[in-house]
file input_2.cif (mmCIF, N, CA and C atoms and all ligand atoms)
data_run
loop_
_atom_site.label_atom_id
_atom_site.label_comp_id
_atom_site.auth_asym_id
_atom_site.auth_seq_id
_atom_site.Cartn_x
_atom_site.Cartn_y
_atom_site.Cartn_z
N MET A 1 0.86 -1.19 0.00
CA MET A 1 0.00 0.00 0.00
C MET A 1 0.89 1.24 0.00
N PRO A 2 0.79 2.10 -1.04
CA PRO A 2 1.67 3.27 -1.09
C PRO A 2 1.29 4.29 -0.02
N ASP A 3 2.31 5.01 0.50
CA ASP A 3 1.96 6.09 1.41
C ASP A 3 1.63 7.33 0.60
N ASP A 4 1.23 8.43 1.29
CA ASP A 4 0.76 9.64 0.61
C ASP A 4 1.78 10.20 -0.36
N ARG A 5 3.08 10.11 -0.01
CA ARG A 5 4.09 10.72 -0.88
C ARG A 5 4.20 10.00 -2.22
N GLN A 6 3.77 8.73 -2.24
CA GLN A 6 3.86 7.97 -3.49
C GLN A 6 2.56 8.01 -4.29
N MET A 7 1.48 8.48 -3.66
CA MET A 7 0.20 8.49 -4.35
C MET A 7 0.11 9.68 -5.29
N PRO A 8 -0.62 9.56 -6.38
CA PRO A 8 -0.86 10.72 -7.23
C PRO A 8 -1.52 11.82 -6.41
N ALA A 9 -1.28 13.09 -6.78
CA ALA A 9 -1.78 14.21 -6.00
C ALA A 9 -3.29 14.14 -5.79
N ALA A 10 -4.04 13.77 -6.85
CA ALA A 10 -5.50 13.74 -6.74
C ALA A 10 -5.95 12.75 -5.67
N ASP A 11 -5.33 11.56 -5.63
CA ASP A 11 -5.69 10.57 -4.63
C ASP A 11 -5.39 11.08 -3.23
N SER A 12 -4.27 11.76 -3.12
CA SER A 12 -3.87 12.30 -1.84
C SER A 12 -4.88 13.35 -1.37
N ARG A 13 -5.37 14.18 -2.29
CA ARG A 13 -6.37 15.19 -1.92
C ARG A 13 -7.68 14.53 -1.49
N LEU A 14 -8.05 13.41 -2.13
CA LEU A 14 -9.30 12.74 -1.78
C LEU A 14 -9.32 12.30 -0.32
N ALA A 15 -8.14 12.10 0.25
CA ALA A 15 -8.07 11.70 1.66
C ALA A 15 -8.65 12.78 2.57
N ARG A 16 -8.67 14.03 2.10
CA ARG A 16 -9.25 15.12 2.91
C ARG A 16 -10.74 14.89 3.16
N LEU A 17 -11.40 14.16 2.27
CA LEU A 17 -12.85 13.93 2.43
C LEU A 17 -13.15 13.13 3.70
N ASP A 18 -12.19 12.40 4.18
CA ASP A 18 -12.37 11.69 5.45
C ASP A 18 -11.69 12.41 6.60
N ALA A 19 -10.63 13.13 6.29
CA ALA A 19 -9.82 13.73 7.36
C ALA A 19 -10.41 15.04 7.89
N VAL A 20 -11.10 15.80 7.04
CA VAL A 20 -11.64 17.11 7.46
C VAL A 20 -13.13 16.94 7.75
N PRO A 21 -13.57 17.12 9.00
CA PRO A 21 -14.97 16.83 9.35
C PRO A 21 -15.99 17.56 8.48
N ARG A 22 -15.75 18.82 8.18
CA ARG A 22 -16.72 19.58 7.37
C ARG A 22 -16.84 18.97 5.97
N LEU A 23 -15.74 18.56 5.41
CA LEU A 23 -15.77 17.96 4.07
C LEU A 23 -16.42 16.58 4.12
N ARG A 24 -16.21 15.88 5.23
CA ARG A 24 -16.81 14.55 5.37
C ARG A 24 -18.34 14.67 5.40
N GLU A 25 -18.84 15.65 6.13
CA GLU A 25 -20.29 15.87 6.19
C GLU A 25 -20.84 16.23 4.81
N GLU A 26 -20.11 17.10 4.14
CA GLU A 26 -20.57 17.54 2.81
C GLU A 26 -20.57 16.37 1.83
N LYS A 27 -19.59 15.52 1.95
CA LYS A 27 -19.51 14.33 1.08
C LYS A 27 -20.73 13.45 1.31
N GLU A 28 -21.10 13.26 2.58
CA GLU A 28 -22.25 12.43 2.91
C GLU A 28 -23.54 13.02 2.29
N THR A 29 -23.69 14.32 2.40
CA THR A 29 -24.88 14.98 1.85
C THR A 29 -24.91 14.85 0.33
N LEU A 30 -23.77 15.09 -0.28
CA LEU A 30 -23.66 15.02 -1.73
C LEU A 30 -24.02 13.62 -2.25
N GLU A 31 -23.44 12.61 -1.63
CA GLU A 31 -23.71 11.24 -2.07
C GLU A 31 -25.19 10.90 -1.91
N TYR A 32 -25.76 11.31 -0.79
CA TYR A 32 -27.17 11.02 -0.52
C TYR A 32 -28.07 11.68 -1.58
N MET A 33 -27.79 12.96 -1.86
CA MET A 33 -28.65 13.69 -2.79
C MET A 33 -28.52 13.18 -4.22
N VAL A 34 -27.32 12.89 -4.66
CA VAL A 34 -27.13 12.41 -6.04
C VAL A 34 -27.78 11.04 -6.20
N LEU A 35 -27.63 10.18 -5.21
CA LEU A 35 -28.24 8.85 -5.29
C LEU A 35 -29.77 8.97 -5.35
N SER A 36 -30.31 9.84 -4.52
CA SER A 36 -31.76 10.04 -4.51
C SER A 36 -32.25 10.60 -5.85
N TYR A 37 -31.52 11.59 -6.37
CA TYR A 37 -31.89 12.20 -7.65
C TYR A 37 -31.85 11.16 -8.77
N CYS A 38 -30.80 10.36 -8.79
CA CYS A 38 -30.64 9.35 -9.84
C CYS A 38 -31.73 8.28 -9.74
N ARG A 39 -32.06 7.88 -8.53
CA ARG A 39 -33.12 6.88 -8.35
C ARG A 39 -34.43 7.36 -8.95
N ARG A 40 -34.74 8.60 -8.75
CA ARG A 40 -36.03 9.12 -9.21
C ARG A 40 -36.04 9.41 -10.71
N HIS A 41 -34.89 9.77 -11.26
CA HIS A 41 -34.86 10.18 -12.66
C HIS A 41 -34.33 9.12 -13.62
N HIS A 42 -33.39 8.31 -13.16
CA HIS A 42 -32.68 7.45 -14.12
C HIS A 42 -32.73 5.97 -13.79
N ASN A 43 -32.55 5.64 -12.53
CA ASN A 43 -32.36 4.23 -12.23
C ASN A 43 -33.00 3.85 -10.90
N PRO A 44 -34.29 3.50 -10.92
CA PRO A 44 -35.00 3.20 -9.67
C PRO A 44 -34.41 2.01 -8.92
N SER A 45 -33.61 1.17 -9.59
CA SER A 45 -33.10 -0.02 -8.91
C SER A 45 -32.08 0.34 -7.82
N GLY A 46 -31.57 1.55 -7.86
CA GLY A 46 -30.70 1.94 -6.75
C GLY A 46 -29.26 2.17 -7.10
N THR A 47 -28.77 1.57 -8.19
CA THR A 47 -27.39 1.84 -8.57
C THR A 47 -27.34 3.16 -9.34
N VAL A 48 -26.22 3.86 -9.23
CA VAL A 48 -26.11 5.18 -9.85
C VAL A 48 -25.79 5.02 -11.33
N CYS A 49 -26.49 5.77 -12.19
CA CYS A 49 -26.26 5.69 -13.63
C CYS A 49 -24.90 6.31 -13.98
N PRO A 50 -24.37 6.02 -15.16
CA PRO A 50 -23.03 6.53 -15.51
C PRO A 50 -22.92 8.05 -15.45
N ASN A 51 -23.95 8.78 -15.90
CA ASN A 51 -23.86 10.24 -15.88
C ASN A 51 -23.82 10.78 -14.45
N CYS A 52 -24.66 10.23 -13.60
CA CYS A 52 -24.66 10.70 -12.22
C CYS A 52 -23.38 10.27 -11.50
N ALA A 53 -22.87 9.09 -11.85
CA ALA A 53 -21.60 8.63 -11.26
C ALA A 53 -20.47 9.57 -11.67
N ASP A 54 -20.50 10.00 -12.92
CA ASP A 54 -19.49 10.95 -13.41
C ASP A 54 -19.61 12.27 -12.66
N PHE A 55 -20.85 12.76 -12.50
CA PHE A 55 -21.05 14.01 -11.78
C PHE A 55 -20.58 13.88 -10.33
N LEU A 56 -20.95 12.78 -9.68
CA LEU A 56 -20.58 12.61 -8.27
C LEU A 56 -19.06 12.55 -8.11
N ALA A 57 -18.41 11.83 -9.01
CA ALA A 57 -16.94 11.74 -8.92
C ALA A 57 -16.31 13.12 -9.09
N TYR A 58 -16.85 13.89 -10.04
CA TYR A 58 -16.34 15.25 -10.26
C TYR A 58 -16.58 16.11 -9.02
N ALA A 59 -17.81 16.06 -8.49
CA ALA A 59 -18.15 16.90 -7.33
C ALA A 59 -17.29 16.53 -6.12
N LEU A 60 -17.02 15.25 -5.94
CA LEU A 60 -16.18 14.84 -4.80
C LEU A 60 -14.73 15.28 -4.99
N ARG A 61 -14.26 15.29 -6.23
CA ARG A 61 -12.89 15.80 -6.48
C ARG A 61 -12.84 17.29 -6.19
N ARG A 62 -13.85 18.03 -6.60
CA ARG A 62 -13.87 19.48 -6.31
C ARG A 62 -13.94 19.71 -4.80
N LEU A 63 -14.77 18.91 -4.14
CA LEU A 63 -14.89 19.05 -2.69
C LEU A 63 -13.56 18.76 -2.01
N ALA A 64 -12.88 17.73 -2.47
CA ALA A 64 -11.59 17.37 -1.87
C ALA A 64 -10.56 18.48 -2.04
N CYS A 65 -10.71 19.26 -3.08
CA CYS A 65 -9.76 20.35 -3.36
C CYS A 65 -10.26 21.69 -2.83
N CYS A 66 -11.40 21.71 -2.14
CA CYS A 66 -11.97 22.98 -1.68
C CYS A 66 -10.96 23.70 -0.77
N PRO A 67 -10.57 24.91 -1.14
CA PRO A 67 -9.54 25.59 -0.36
C PRO A 67 -10.02 26.07 1.01
N TYR A 68 -11.32 26.07 1.25
CA TYR A 68 -11.84 26.53 2.54
C TYR A 68 -11.71 25.46 3.63
N GLY A 69 -11.65 24.19 3.22
CA GLY A 69 -11.50 23.13 4.21
C GLY A 69 -12.60 23.18 5.27
N GLN A 70 -12.21 23.19 6.52
CA GLN A 70 -13.15 23.16 7.64
C GLN A 70 -14.07 24.38 7.66
N GLU A 71 -13.66 25.48 7.04
CA GLU A 71 -14.47 26.71 7.02
C GLU A 71 -15.33 26.80 5.76
N LYS A 72 -15.51 25.69 5.09
CA LYS A 72 -16.24 25.69 3.83
C LYS A 72 -17.67 26.24 4.00
N PRO A 73 -18.05 27.23 3.18
CA PRO A 73 -19.46 27.66 3.16
C PRO A 73 -20.26 26.68 2.30
N VAL A 74 -21.57 26.86 2.21
CA VAL A 74 -22.31 26.05 1.23
C VAL A 74 -21.89 26.56 -0.16
N CYS A 75 -21.84 25.66 -1.12
CA CYS A 75 -21.32 26.04 -2.45
C CYS A 75 -22.12 27.19 -3.07
N ALA A 76 -23.43 27.25 -2.76
CA ALA A 76 -24.27 28.31 -3.36
C ALA A 76 -23.80 29.70 -2.93
N LYS A 77 -23.10 29.80 -1.79
CA LYS A 77 -22.65 31.11 -1.31
C LYS A 77 -21.15 31.33 -1.53
N CYS A 78 -20.54 30.43 -2.25
CA CYS A 78 -19.08 30.49 -2.45
C CYS A 78 -18.70 31.61 -3.41
N ARG A 79 -17.55 32.23 -3.16
CA ARG A 79 -17.07 33.29 -4.06
C ARG A 79 -16.19 32.75 -5.16
N ILE A 80 -15.84 31.48 -5.06
CA ILE A 80 -14.94 30.90 -6.06
C ILE A 80 -15.74 30.21 -7.17
N HIS A 81 -16.71 29.39 -6.76
CA HIS A 81 -17.49 28.58 -7.71
C HIS A 81 -16.56 27.79 -8.63
N CYS A 82 -16.05 26.72 -8.09
CA CYS A 82 -14.99 25.98 -8.77
C CYS A 82 -15.50 24.98 -9.82
N TYR A 83 -16.82 24.82 -9.95
CA TYR A 83 -17.33 23.83 -10.91
C TYR A 83 -17.26 24.35 -12.35
N LYS A 84 -16.99 23.43 -13.28
CA LYS A 84 -17.13 23.76 -14.70
C LYS A 84 -18.62 23.99 -14.99
N PRO A 85 -18.92 24.83 -16.00
CA PRO A 85 -20.33 25.19 -16.25
C PRO A 85 -21.27 24.00 -16.40
N GLN A 86 -20.85 22.96 -17.12
CA GLN A 86 -21.78 21.84 -17.35
C GLN A 86 -22.09 21.09 -16.04
N TYR A 87 -21.11 21.03 -15.15
CA TYR A 87 -21.35 20.36 -13.87
C TYR A 87 -22.12 21.28 -12.92
N LYS A 88 -21.91 22.58 -13.08
CA LYS A 88 -22.66 23.53 -12.25
C LYS A 88 -24.15 23.40 -12.53
N GLU A 89 -24.51 23.20 -13.80
CA GLU A 89 -25.91 23.02 -14.16
C GLU A 89 -26.49 21.78 -13.50
N VAL A 90 -25.75 20.69 -13.52
CA VAL A 90 -26.24 19.46 -12.88
C VAL A 90 -26.39 19.69 -11.38
N ALA A 91 -25.41 20.35 -10.78
CA ALA A 91 -25.47 20.61 -9.34
C ALA A 91 -26.72 21.41 -9.00
N ARG A 92 -27.01 22.42 -9.81
CA ARG A 92 -28.21 23.25 -9.57
C ARG A 92 -29.48 22.39 -9.65
N ALA A 93 -29.54 21.53 -10.67
CA ALA A 93 -30.74 20.69 -10.85
C ALA A 93 -30.91 19.75 -9.65
N VAL A 94 -29.82 19.15 -9.22
CA VAL A 94 -29.90 18.22 -8.08
C VAL A 94 -30.32 18.97 -6.82
N MET A 95 -29.69 20.12 -6.57
CA MET A 95 -30.00 20.88 -5.36
C MET A 95 -31.45 21.39 -5.37
N ARG A 96 -31.88 21.84 -6.54
CA ARG A 96 -33.23 22.40 -6.65
C ARG A 96 -34.28 21.35 -6.27
N GLU A 97 -34.08 20.12 -6.71
CA GLU A 97 -35.06 19.08 -6.42
C GLU A 97 -34.83 18.39 -5.09
N GLU A 98 -33.57 18.09 -4.83
CA GLU A 98 -33.29 17.29 -3.64
C GLU A 98 -33.23 18.11 -2.36
N GLY A 99 -32.93 19.40 -2.48
CA GLY A 99 -32.86 20.24 -1.28
C GLY A 99 -34.15 20.19 -0.46
N PRO A 100 -35.28 20.55 -1.06
CA PRO A 100 -36.54 20.49 -0.30
C PRO A 100 -36.91 19.08 0.16
N ARG A 101 -36.60 18.08 -0.65
CA ARG A 101 -36.93 16.69 -0.29
C ARG A 101 -36.13 16.22 0.92
N LEU A 102 -34.93 16.77 1.05
CA LEU A 102 -34.03 16.33 2.13
C LEU A 102 -34.65 16.54 3.51
N VAL A 103 -35.48 17.60 3.62
CA VAL A 103 -36.12 17.89 4.91
C VAL A 103 -36.97 16.68 5.35
N LEU A 104 -37.59 16.02 4.40
CA LEU A 104 -38.45 14.88 4.73
C LEU A 104 -37.68 13.57 4.79
N THR A 105 -36.74 13.39 3.85
CA THR A 105 -36.09 12.08 3.75
C THR A 105 -34.87 11.95 4.67
N HIS A 106 -34.20 13.06 4.98
CA HIS A 106 -33.02 12.99 5.86
C HIS A 106 -32.90 14.32 6.60
N PRO A 107 -33.78 14.53 7.61
CA PRO A 107 -33.82 15.82 8.29
C PRO A 107 -32.51 16.21 8.96
N VAL A 108 -31.71 15.24 9.36
CA VAL A 108 -30.43 15.58 10.02
C VAL A 108 -29.50 16.27 9.02
N LEU A 109 -29.37 15.70 7.83
CA LEU A 109 -28.54 16.34 6.81
C LEU A 109 -29.12 17.69 6.41
N ALA A 110 -30.45 17.76 6.32
CA ALA A 110 -31.10 19.02 5.94
C ALA A 110 -30.81 20.09 6.98
N ALA A 111 -30.89 19.73 8.25
CA ALA A 111 -30.65 20.70 9.33
C ALA A 111 -29.21 21.18 9.30
N LYS A 112 -28.28 20.27 9.06
CA LYS A 112 -26.87 20.68 8.98
C LYS A 112 -26.64 21.64 7.82
N HIS A 113 -27.23 21.30 6.68
CA HIS A 113 -27.05 22.16 5.51
C HIS A 113 -27.63 23.55 5.78
N LEU A 114 -28.81 23.59 6.40
CA LEU A 114 -29.43 24.88 6.71
C LEU A 114 -28.57 25.67 7.70
N TRP A 115 -28.03 24.96 8.68
CA TRP A 115 -27.17 25.60 9.68
C TRP A 115 -25.96 26.26 8.99
N TYR A 116 -25.28 25.51 8.15
CA TYR A 116 -24.11 26.07 7.47
C TYR A 116 -24.51 27.20 6.53
N SER A 117 -25.66 27.05 5.90
CA SER A 117 -26.12 28.07 4.97
C SER A 117 -26.38 29.39 5.70
N CYS A 118 -26.89 29.30 6.94
CA CYS A 118 -27.25 30.51 7.69
C CYS A 118 -26.08 31.07 8.48
N THR A 119 -25.15 30.23 8.89
CA THR A 119 -24.14 30.70 9.85
C THR A 119 -22.74 30.89 9.26
N VAL A 120 -22.41 30.19 8.19
CA VAL A 120 -21.04 30.30 7.65
C VAL A 120 -21.04 31.29 6.50
N LYS A 121 -20.36 32.41 6.71
CA LYS A 121 -20.22 33.38 5.64
C LYS A 121 -19.16 32.88 4.67
N ALA A 122 -19.36 33.19 3.40
CA ALA A 122 -18.33 32.82 2.43
C ALA A 122 -17.11 33.69 2.68
N PRO A 123 -16.01 33.08 3.11
CA PRO A 123 -14.80 33.88 3.36
C PRO A 123 -14.24 34.42 2.05
N GLU A 124 -13.36 35.42 2.19
CA GLU A 124 -12.63 35.87 1.01
C GLU A 124 -11.89 34.68 0.43
N LYS A 125 -11.53 34.77 -0.84
CA LYS A 125 -10.79 33.68 -1.44
C LYS A 125 -9.50 33.46 -0.65
N PRO A 126 -9.32 32.26 -0.11
CA PRO A 126 -8.12 32.04 0.69
C PRO A 126 -6.87 32.01 -0.16
N ARG A 127 -5.80 32.57 0.37
CA ARG A 127 -4.52 32.55 -0.33
C ARG A 127 -3.44 32.09 0.63
N ASN A 128 -2.64 31.13 0.20
CA ASN A 128 -1.46 30.71 0.94
C ASN A 128 -1.72 30.52 2.43
N ARG A 129 -2.71 29.71 2.75
CA ARG A 129 -3.00 29.48 4.15
C ARG A 129 -3.22 28.00 4.38
N ASN A 130 -3.25 27.64 5.64
CA ASN A 130 -3.48 26.27 6.00
C ASN A 130 -4.83 25.84 5.43
N ARG A 131 -4.88 24.76 4.67
CA ARG A 131 -6.11 24.40 3.97
C ARG A 131 -7.02 23.51 4.79
N ASN A 132 -6.66 23.14 5.98
CA ASN A 132 -7.58 22.36 6.80
C ASN A 132 -8.42 23.31 7.61
S1 LIG A 201 -17.82 25.85 -5.06
FE1 LIG A 201 -16.58 26.89 -3.47
S2 LIG A 201 -17.24 25.96 -1.51
FE2 LIG A 201 -17.93 24.60 -3.17
S3 LIG A 201 -16.27 23.09 -3.39
FE3 LIG A 201 -15.85 24.75 -4.88
S4 LIG A 201 -14.47 26.16 -3.79
FE4 LIG A 201 -15.41 24.84 -2.23
ZN ZN A 202 -28.49 9.16 -12.82
#

call {"tool": "encode", "arguments": {"input": "input_2.cif", "output": "structure tokens", "more": "lines below"}}
Ligand code: SF4
Ligand SMILES: [Zn+2]
result
Amino acid sequence: MPDDRQMPAADSRLARLDAVPRLREEKETLEYMVLSYCRRHHNPSGTVCPNCADFLAYALRRLACCPYGQEKPVCAKCRIHCYKPQYKEVARAVMREEGPRLVLTHPVLAAKHLWYSCTVKAPEKPRNRNRN
């Protein structure tokens, strides 16, 4: 098993999704919402379709590279908006539908998202600072 110094940079960054609590929570919400969206629109059997799998993989890579780390705001209030336009459209569609549904299907995740949305201001774009 290679250590971090031998892993490609992208793999090494993905480790932040487990190491940084705020990113771990966001990862859980993202996975839940994309799976729910895909079940209703593309694949009721429960497995994620290739397009949604591609979107989720992209979104998790962006999340892993989020420069705010533990101080991450909700993406809708971010000043950076790191998604490519085509993925931003998918993110909007998923959030628009799954956001309100989350209150009923997973109130704990919904409450956390609302909390961060109301309490965490989007910081200035971070430069040369500790990313955790
Ligand atoms: S949009 Fe902003 S908050 Fe969301 S992952 Fe990208 S940099 Fe982080
Ligand atoms: Zn899908």

call {"tool": "select_by_dssp", "arguments": {"input": "input_2.cif", "residues": "chain A", "states": "alpha helix (DSSP H)", "output": "PyMOL selection string"}}
result
chain A and resi 9-14+16-19+21-41+50-64+85-105+107-119

call {"tool": "residues_near_point", "arguments": {"input": "input_2.cif", "point": "(-34.5, 20.5, -8.3)", "cutoff": "12 Å", "atoms": "only C-alpha atoms", "output": "PyMOL selection string"}}
result
chain A and resi 33-34+36-38+40-41+89-102

call {"tool": "write_last_selection", "arguments": {"input": "input_2.cif", "atoms": "N, CA and C atoms", "output": "short mmCIF file (atom, residue, chain, number, x, y, z; two decimals), in the frame of the given file"}}
result
data_model
loop_
_atom_site.label_atom_id
_atom_site.label_comp_id
_atom_site.auth_asym_id
_atom_site.auth_seq_id
_atom_site.Cartn_x
_atom_site.Cartn_y
_atom_site.Cartn_z
N MET A 33 -27.79 12.96 -1.86
CA MET A 33 -28.65 13.69 -2.79
C MET A 33 -28.52 13.18 -4.22
N VAL A 34 -27.32 12.89 -4.66
CA VAL A 34 -27.13 12.41 -6.04
C VAL A 34 -27.78 11.04 -6.20
N SER A 36 -30.31 9.84 -4.52
CA SER A 36 -31.76 10.04 -4.51
C SER A 36 -32.25 10.60 -5.85
N TYR A 37 -31.52 11.59 -6.37
CA TYR A 37 -31.89 12.20 -7.65
C TYR A 37 -31.85 11.16 -8.77
N CYS A 38 -30.80 10.36 -8.79
CA CYS A 38 -30.64 9.35 -9.84
C CYS A 38 -31.73 8.28 -9.74
N ARG A 40 -34.74 8.60 -8.75
CA ARG A 40 -36.03 9.12 -9.21
C ARG A 40 -36.04 9.41 -10.71
N HIS A 41 -34.89 9.77 -11.26
CA HIS A 41 -34.86 10.18 -12.66
C HIS A 41 -34.33 9.12 -13.62
N GLU A 89 -24.51 23.20 -13.80
CA GLU A 89 -25.91 23.02 -14.16
C GLU A 89 -26.49 21.78 -13.50
N VAL A 90 -25.75 20.69 -13.52
CA VAL A 90 -26.24 19.46 -12.88
C VAL A 90 -26.39 19.69 -11.38
N ALA A 91 -25.41 20.35 -10.78
CA ALA A 91 -25.47 20.61 -9.34
C ALA A 91 -26.72 21.41 -9.00
N ARG A 92 -27.01 22.42 -9.81
CA ARG A 92 -28.21 23.25 -9.57
C ARG A 92 -29.48 22.39 -9.65
N ALA A 93 -29.54 21.53 -10.67
CA ALA A 93 -30.74 20.69 -10.85
C ALA A 93 -30.91 19.75 -9.65
N VAL A 94 -29.82 19.15 -9.22
CA VAL A 94 -29.90 18.22 -8.08
C VAL A 94 -30.32 18.97 -6.82
N MET A 95 -29.69 20.12 -6.57
CA MET A 95 -30.00 20.88 -5.36
C MET A 95 -31.45 21.39 -5.37
N ARG A 96 -31.88 21.84 -6.54
CA ARG A 96 -33.23 22.40 -6.65
C ARG A 96 -34.28 21.35 -6.27
N GLU A 97 -34.08 20.12 -6.71
CA GLU A 97 -35.06 19.08 -6.42
C GLU A 97 -34.83 18.39 -5.09
N GLU A 98 -33.57 18.09 -4.83
CA GLU A 98 -33.29 17.29 -3.64
C GLU A 98 -33.23 18.11 -2.36
N GLY A 99 -32.93 19.40 -2.48
CA GLY A 99 -32.86 20.24 -1.28
C GLY A 99 -34.15 20.19 -0.46
N PRO A 100 -35.28 20.55 -1.06
CA PRO A 100 -36.54 20.49 -0.30
C PRO A 100 -36.91 19.08 0.16
N ARG A 101 -36.60 18.08 -0.65
CA ARG A 101 -36.93 16.69 -0.29
C ARG A 101 -36.13 16.22 0.92
N LEU A 102 -34.93 16.77 1.05
CA LEU A 102 -34.03 16.33 2.13
C LEU A 102 -34.65 16.54 3.51
#

call {"tool": "residues_around", "arguments": {"input": "input_2.cif", "residues": "region 24-30 of chain A", "least_positions_apart": "2", "cutoff": "8 Å", "atoms": "only N, CA and C atoms", "output": "list in words"}}
result
Arg16, Leu17, Asp18, Ala19, Val20, Pro21, Arg22, Tyr32, Met33, Val34, Leu35, Ser36, Leu56, Ala59, Leu60, Leu63, Leu109 and Ala110 of chain A

call {"tool": "residues_near_ligand", "arguments": {"input": "input_2.cif", "ligand": "ligand LIG 201 (chain A)", "cutoff": "6 Å", "atoms": "only N, CA and C atoms and all ligand atoms", "output": "ChimeraX atom specification"}}
result
/A:62-63,66-68,72-75,78-83

call {"tool": "write_last_selection", "arguments": {"input": "input_2.cif", "atoms": "N, CA and C atoms", "output": "mmCIF file, keeping the file's coordinate frame"}}
result
data_model
loop_
_atom_site.group_PDB
_atom_site.id
_atom_site.type_symbol
_atom_site.label_atom_id
_atom_site.label_comp_id
_atom_site.auth_asym_id
_atom_site.auth_seq_id
_atom_site.Cartn_x
_atom_site.Cartn_y
_atom_site.Cartn_z
ATOM 1 N N ARG A 62 -13.850 18.030 -6.600
ATOM 2 C CA ARG A 62 -13.870 19.480 -6.310
ATOM 3 C C ARG A 62 -13.940 19.710 -4.800
ATOM 4 N N LEU A 63 -14.770 18.910 -4.140
ATOM 5 C CA LEU A 63 -14.890 19.050 -2.690
ATOM 6 C C LEU A 63 -13.560 18.760 -2.010
ATOM 7 N N CYS A 66 -11.400 21.710 -2.140
ATOM 8 C CA CYS A 66 -11.970 22.980 -1.680
ATOM 9 C C CYS A 66 -10.960 23.700 -0.770
ATOM 10 N N PRO A 67 -10.570 24.910 -1.140
ATOM 11 C CA PRO A 67 -9.540 25.590 -0.360
ATOM 12 C C PRO A 67 -10.020 26.070 1.010
ATOM 13 N N TYR A 68 -11.320 26.070 1.250
ATOM 14 C CA TYR A 68 -11.840 26.530 2.540
ATOM 15 C C TYR A 68 -11.710 25.460 3.630
ATOM 16 N N LYS A 72 -15.510 25.690 5.090
ATOM 17 C CA LYS A 72 -16.240 25.690 3.830
ATOM 18 C C LYS A 72 -17.670 26.240 4.000
ATOM 19 N N PRO A 73 -18.050 27.230 3.180
ATOM 20 C CA PRO A 73 -19.460 27.660 3.160
ATOM 21 C C PRO A 73 -20.260 26.680 2.300
ATOM 22 N N VAL A 74 -21.570 26.860 2.210
ATOM 23 C CA VAL A 74 -22.310 26.050 1.230
ATOM 24 C C VAL A 74 -21.890 26.560 -0.160
ATOM 25 N N CYS A 75 -21.840 25.660 -1.120
ATOM 26 C CA CYS A 75 -21.320 26.040 -2.450
ATOM 27 C C CYS A 75 -22.120 27.190 -3.070
ATOM 28 N N CYS A 78 -20.540 30.430 -2.250
ATOM 29 C CA CYS A 78 -19.080 30.490 -2.450
ATOM 30 C C CYS A 78 -18.700 31.610 -3.410
ATOM 31 N N ARG A 79 -17.550 32.230 -3.160
ATOM 32 C CA ARG A 79 -17.070 33.290 -4.060
ATOM 33 C C ARG A 79 -16.190 32.750 -5.160
ATOM 34 N N ILE A 80 -15.840 31.480 -5.060
ATOM 35 C CA ILE A 80 -14.940 30.900 -6.060
ATOM 36 C C ILE A 80 -15.740 30.210 -7.170
ATOM 37 N N HIS A 81 -16.710 29.390 -6.760
ATOM 38 C CA HIS A 81 -17.490 28.580 -7.710
ATOM 39 C C HIS A 81 -16.560 27.790 -8.630
ATOM 40 N N CYS A 82 -16.050 26.720 -8.090
ATOM 41 C CA CYS A 82 -14.990 25.980 -8.770
ATOM 42 C C CYS A 82 -15.500 24.980 -9.820
ATOM 43 N N TYR A 83 -16.820 24.820 -9.950
ATOM 44 C CA TYR A 83 -17.330 23.830 -10.910
ATOM 45 C C TYR A 83 -17.260 24.350 -12.350
#

call {"tool": "residues_near_ligand", "arguments": {"input": "input_2.cif", "ligand": "ligand ZN 202 (chain A)", "cutoff": "5 Å", "atoms": "all atoms listed in the file", "output": "ChimeraX atom specification"}}
result
/A:38,42,49,52

call {"tool": "atom_distance", "arguments": {"input": "input_2.cif", "atom1": "CA of Asp11 (chain A)", "atom2": "CA of Arg61 (chain A)"}}
result
9.1 Å

call {"tool": "closest_residue", "arguments": {"input": "input_2.cif", "among": "A:Lys84, A:Ala76, A:Arg13, A:Thr105", "to": "Cys118 (chain A)", "atoms": "only C-alpha atoms"}}
result
A:Ala76

call {"tool": "residues_near_point", "arguments": {"input": "input_2.cif", "point": "(-16.5, 16.5, -15.0)", "cutoff": "6.5 Å", "atoms": "only N, CA and C atoms", "output": "ChimeraX atom specification"}}
result
/A:54-55,58,87

call {"tool": "atom_distance", "arguments": {"input": "input_2.cif", "atom1": "atom C of Tyr116 (chain A)", "atom2": "atom N of Ala53 (chain A)"}}
result
25.9 Å
